[in-house]
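S.K.: Dumping the structure here so I can ask a few things about it.
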Amino acid sequence: MTYVVIDNCIACKYTDCVEVCPVDCFYEGENMLVIHPDECIDCGVCEPECPADAIRPDTEPGLESWVELNRKYAEVWPVITQRSDPMPEAEERDGEADKLSKYFSEAPGEGS
């Protein structure tokens with residue numbers, strides 16, 4: 001099992017999760033984070049740290065495409081190990097529907 005970042009991270013990008021990760025398996029895109037599924041050790045400490053409830057175990061139904069998205073971008077985006085400020089509109093975007101189609105960017109993050 002692994003944990004994955006899902007669509008509610010998009011356009012929010014809270015980074016509370018990265019500080020507690022013991023294996024530094026979070027990677028930063030322009031407007032979201034992903035978890036490398038081959039590096040995640042399934043400890044679960046990141047899940048409760050996410051204010052947007054955007055981290056889920058891959059055992060939940062229907063998350064296969066999110067596992068692949070996390071894998072794909074973890075291979076190309078830079079690792080993030082330190083907390084940074086969320087995106088400016090994070091609070092108003094939290095919980096918004098269809099964030100993947102509206103806001104997702106393939107661009108790498110600026111790093112920490």
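Quick note on naming: the chains in the structure tokens go A, B, ... in the order shown, residues restart at 1 in each chain, and ligands are numbered from 1 in order of appearance.
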Using only C-alpha atoms, which protein or nucleic acid residues come within 9 Å of Tyr103 of chain A? Drop anything in the same chain fewer than 5 positions from it, and give the result as a ChimeraX atom specification.
M.R.: /A:10-11,31,98
S.K.: Emit the selected residues as a PDB file, in the first residue's frame, including N, CA and C atoms.
M.R.:
```pdb
ATOM      1  N   ILE A  10      -4.755  20.287  -5.517  1.00  0.00           N
ATOM      2  CA  ILE A  10      -4.570  21.190  -6.652  1.00  0.00           C
ATOM      3  C   ILE A  10      -5.114  22.576  -6.313  1.00  0.00           C
ATOM      4  N   ALA A  11      -4.294  23.586  -6.576  1.00  0.00           N
ATOM      5  CA  ALA A  11      -4.616  24.992  -6.338  1.00  0.00           C
ATOM      6  C   ALA A  11      -4.676  25.341  -4.847  1.00  0.00           C
ATOM      7  N   ASN A  31       1.363  23.641  -8.753  1.00  0.00           N
ATOM      8  CA  ASN A  31       0.199  23.915  -7.916  1.00  0.00           C
ATOM      9  C   ASN A  31      -0.349  22.696  -7.177  1.00  0.00           C
ATOM     10  N   ASP A  98     -13.842  19.379  -9.577  1.00  0.00           N
ATOM     11  CA  ASP A  98     -13.174  19.365 -10.886  1.00  0.00           C
ATOM     12  C   ASP A  98     -11.866  20.146 -10.919  1.00  0.00           C
TER      13      ASP A  98
END
```
S.K.: Residues within 9 Å of Val67 of chain A, please, as a PyMOL selection string. Count only C-alpha atoms; anything in the same chain fewer than 2 positions from it doesn't count.
M.R.: chain A and resi 2-6+35-37+58+63-65+69-72
S.K.: Write the selection just made, keeping C-alpha atoms, as an mmCIF file, in the first residue's frame?
M.R.:
```
data_model
loop_
_atom_site.group_PDB
_atom_site.id
_atom_site.type_symbol
_atom_site.label_atom_id
_atom_site.label_comp_id
_atom_site.auth_asym_id
_atom_site.auth_seq_id
_atom_site.Cartn_x
_atom_site.Cartn_y
_atom_site.Cartn_z
ATOM 1 C CA THR A 2 0.994 3.603 -0.502
ATOM 2 C CA TYR A 3 -0.565 6.970 0.091
ATOM 3 C CA VAL A 4 -1.450 9.284 -2.779
ATOM 4 C CA VAL A 5 -2.251 12.945 -3.163
ATOM 5 C CA ILE A 6 -5.618 13.535 -4.822
ATOM 6 C CA ILE A 35 3.827 11.176 -3.332
ATOM 7 C CA HIS A 36 6.198 8.751 -5.029
ATOM 8 C CA PRO A 37 4.388 5.425 -4.526
ATOM 9 C CA ASP A 58 -4.375 3.766 -2.360
ATOM 10 C CA LEU A 63 -7.737 5.841 -6.828
ATOM 11 C CA GLU A 64 -5.800 3.906 -9.481
ATOM 12 C CA SER A 65 -5.520 6.933 -11.769
ATOM 13 C CA LEU A 69 -0.511 10.527 -11.674
ATOM 14 C CA ASN A 70 1.499 10.611 -8.434
ATOM 15 C CA ARG A 71 4.058 8.175 -9.896
ATOM 16 C CA LYS A 72 4.378 10.068 -13.189
#
```
S.K.: Which is closer to Leu33 of chain A than all the others in A:Arg56, A:Arg93, A:Val79, A:Asp85, using only C-alpha atoms?
M.R.: A:Val79
S.K.: Using Å and a single decimal, report how far atom CA of Glu39 of chain A sits from atom CA of Tyr73 of chain A.
M.R.: 13.3 Å
S.K.: Just checking: using only C-alpha atoms, which residue out of A:Met1, A:Cys12, A:Phe104, A:Ala97 ends up closest to Ala52 of chain A?
M.R.: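 Ranked by minimum distance to Ala52 of chain A, first place goes to A:Cys12.
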S.K.: List the neighbours of segment 16-26 of chain A out to 9 Å using only C-alpha atoms; skip same-chain residues closer than 6 positions along the sequence, and give me the result as a PyMOL selection string.
M.R.: chain A and resi 33-41+43-51+55+74+78-84
S.K.: Restricting the output to N, CA and C atoms, write the selected residues as a PDB file, in the first residue's frame.
M.R.:
```pdb
ATOM      1  N   LEU A  33       1.167  18.838  -4.826  1.00  0.00           N
ATOM      2  CA  LEU A  33       2.210  17.899  -4.428  1.00  0.00           C
ATOM      3  C   LEU A  33       1.804  16.506  -4.866  1.00  0.00           C
ATOM      4  N   VAL A  34       2.781  15.611  -4.983  1.00  0.00           N
ATOM      5  CA  VAL A  34       2.508  14.189  -5.220  1.00  0.00           C
ATOM      6  C   VAL A  34       3.414  13.372  -4.305  1.00  0.00           C
ATOM      7  N   ILE A  35       3.041  12.126  -4.116  1.00  0.00           N
ATOM      8  CA  ILE A  35       3.827  11.176  -3.332  1.00  0.00           C
ATOM      9  C   ILE A  35       4.354  10.124  -4.289  1.00  0.00           C
ATOM     10  N   HIS A  36       5.646   9.828  -4.190  1.00  0.00           N
ATOM     11  CA  HIS A  36       6.198   8.751  -5.029  1.00  0.00           C
ATOM     12  C   HIS A  36       5.764   7.420  -4.413  1.00  0.00           C
ATOM     13  N   PRO A  37       4.928   6.652  -5.122  1.00  0.00           N
ATOM     14  CA  PRO A  37       4.388   5.425  -4.526  1.00  0.00           C
ATOM     15  C   PRO A  37       5.433   4.355  -4.237  1.00  0.00           C
ATOM     16  N   ASP A  38       6.576   4.400  -4.914  1.00  0.00           N
ATOM     17  CA  ASP A  38       7.622   3.412  -4.641  1.00  0.00           C
ATOM     18  C   ASP A  38       8.499   3.801  -3.461  1.00  0.00           C
ATOM     19  N   GLU A  39       8.406   5.044  -3.027  1.00  0.00           N
ATOM     20  CA  GLU A  39       9.201   5.519  -1.902  1.00  0.00           C
ATOM     21  C   GLU A  39       8.401   5.585  -0.604  1.00  0.00           C
ATOM     22  N   CYS A  40       7.088   5.709  -0.706  1.00  0.00           N
ATOM     23  CA  CYS A  40       6.218   5.787   0.465  1.00  0.00           C
ATOM     24  C   CYS A  40       6.304   4.474   1.244  1.00  0.00           C
ATOM     25  N   ILE A  41       6.463   4.588   2.557  1.00  0.00           N
ATOM     26  CA  ILE A  41       6.577   3.385   3.400  1.00  0.00           C
ATOM     27  C   ILE A  41       5.278   3.076   4.137  1.00  0.00           C
ATOM     28  N   CYS A  43       3.511   4.714   6.287  1.00  0.00           N
ATOM     29  CA  CYS A  43       3.458   4.991   7.725  1.00  0.00           C
ATOM     30  C   CYS A  43       2.191   5.766   8.104  1.00  0.00           C
ATOM     31  N   GLY A  44       1.646   6.530   7.143  1.00  0.00           N
ATOM     32  CA  GLY A  44       0.398   7.237   7.375  1.00  0.00           C
ATOM     33  C   GLY A  44       0.484   8.533   8.154  1.00  0.00           C
ATOM     34  N   VAL A  45       1.667   8.984   8.516  1.00  0.00           N
ATOM     35  CA  VAL A  45       1.755  10.205   9.322  1.00  0.00           C
ATOM     36  C   VAL A  45       1.362  11.454   8.543  1.00  0.00           C
ATOM     37  N   CYS A  46       1.450  11.415   7.232  1.00  0.00           N
ATOM     38  CA  CYS A  46       1.116  12.589   6.420  1.00  0.00           C
ATOM     39  C   CYS A  46      -0.386  12.834   6.316  1.00  0.00           C
ATOM     40  N   GLU A  47      -1.168  11.783   6.288  1.00  0.00           N
ATOM     41  CA  GLU A  47      -2.605  11.902   6.030  1.00  0.00           C
ATOM     42  C   GLU A  47      -3.315  12.864   6.984  1.00  0.00           C
ATOM     43  N   PRO A  48      -3.145  12.738   8.294  1.00  0.00           N
ATOM     44  CA  PRO A  48      -3.856  13.659   9.191  1.00  0.00           C
ATOM     45  C   PRO A  48      -3.301  15.091   9.180  1.00  0.00           C
ATOM     46  N   GLU A  49      -2.122  15.291   8.614  1.00  0.00           N
ATOM     47  CA  GLU A  49      -1.514  16.620   8.585  1.00  0.00           C
ATOM     48  C   GLU A  49      -2.069  17.509   7.477  1.00  0.00           C
ATOM     49  N   CYS A  50      -2.749  16.927   6.496  1.00  0.00           N
ATOM     50  CA  CYS A  50      -3.232  17.690   5.344  1.00  0.00           C
ATOM     51  C   CYS A  50      -4.521  18.441   5.680  1.00  0.00           C
ATOM     52  N   PRO A  51      -4.474  19.782   5.694  1.00  0.00           N
ATOM     53  CA  PRO A  51      -5.676  20.563   6.002  1.00  0.00           C
ATOM     54  C   PRO A  51      -6.769  20.419   4.946  1.00  0.00           C
ATOM     55  N   ILE A  55      -4.881  13.619   1.031  1.00  0.00           N
ATOM     56  CA  ILE A  55      -4.000  12.447   1.039  1.00  0.00           C
ATOM     57  C   ILE A  55      -4.824  11.248   1.457  1.00  0.00           C
ATOM     58  N   ALA A  74       6.094  12.393  -9.737  1.00  0.00           N
ATOM     59  CA  ALA A  74       7.175  12.231  -8.760  1.00  0.00           C
ATOM     60  C   ALA A  74       8.501  11.935  -9.472  1.00  0.00           C
ATOM     61  N   PRO A  78      10.661  18.167  -8.511  1.00  0.00           N
ATOM     62  CA  PRO A  78      11.669  18.128  -7.448  1.00  0.00           C
ATOM     63  C   PRO A  78      11.080  17.690  -6.099  1.00  0.00           C
ATOM     64  N   VAL A  79      11.909  17.051  -5.313  1.00  0.00           N
ATOM     65  CA  VAL A  79      11.502  16.645  -3.972  1.00  0.00           C
ATOM     66  C   VAL A  79      11.297  17.888  -3.118  1.00  0.00           C
ATOM     67  N   ILE A  80      10.361  17.813  -2.201  1.00  0.00           N
ATOM     68  CA  ILE A  80      10.124  18.901  -1.252  1.00  0.00           C
ATOM     69  C   ILE A  80      10.199  18.316   0.153  1.00  0.00           C
ATOM     70  N   THR A  81      10.976  18.958   1.015  1.00  0.00           N
ATOM     71  CA  THR A  81      11.176  18.437   2.370  1.00  0.00           C
ATOM     72  C   THR A  81      10.847  19.453   3.455  1.00  0.00           C
ATOM     73  N   GLN A  82      10.590  20.702   3.062  1.00  0.00           N
ATOM     74  CA  GLN A  82      10.290  21.721   4.051  1.00  0.00           C
ATOM     75  C   GLN A  82       8.961  22.393   3.742  1.00  0.00           C
ATOM     76  N   ARG A  83       8.290  22.752   4.794  1.00  0.00           N
ATOM     77  CA  ARG A  83       6.989  23.414   4.677  1.00  0.00           C
ATOM     78  C   ARG A  83       7.157  24.793   4.051  1.00  0.00           C
ATOM     79  N   SER A  84       6.186  25.170   3.217  1.00  0.00           N
ATOM     80  CA  SER A  84       6.141  26.509   2.639  1.00  0.00           C
ATOM     81  C   SER A  84       4.695  26.983   2.663  1.00  0.00           C
TER      82      SER A  84
END
```
S.K.: Calculated over only C-alpha atoms, which of the candidates A:Asp42, A:Glu30, A:Asp7, A:Glu89 has the smallest distance to Ser101 of chain A?
M.R.: A:Asp7
S.K.: Using only C-alpha atoms, find the one residue out of A:Gly29, A:Ala54, A:Thr15, A:Glu68 that sits nearest to Asp94 of chain A.
M.R.: A:Ala54
S.K.: DSSP on the backbone, then: every residue of chain A marked helix (DSSP H, G or I), written as a ChimeraX atom specification.
M.R.: /A:7-9,16-20,47-49,64-74,90-93,99-103
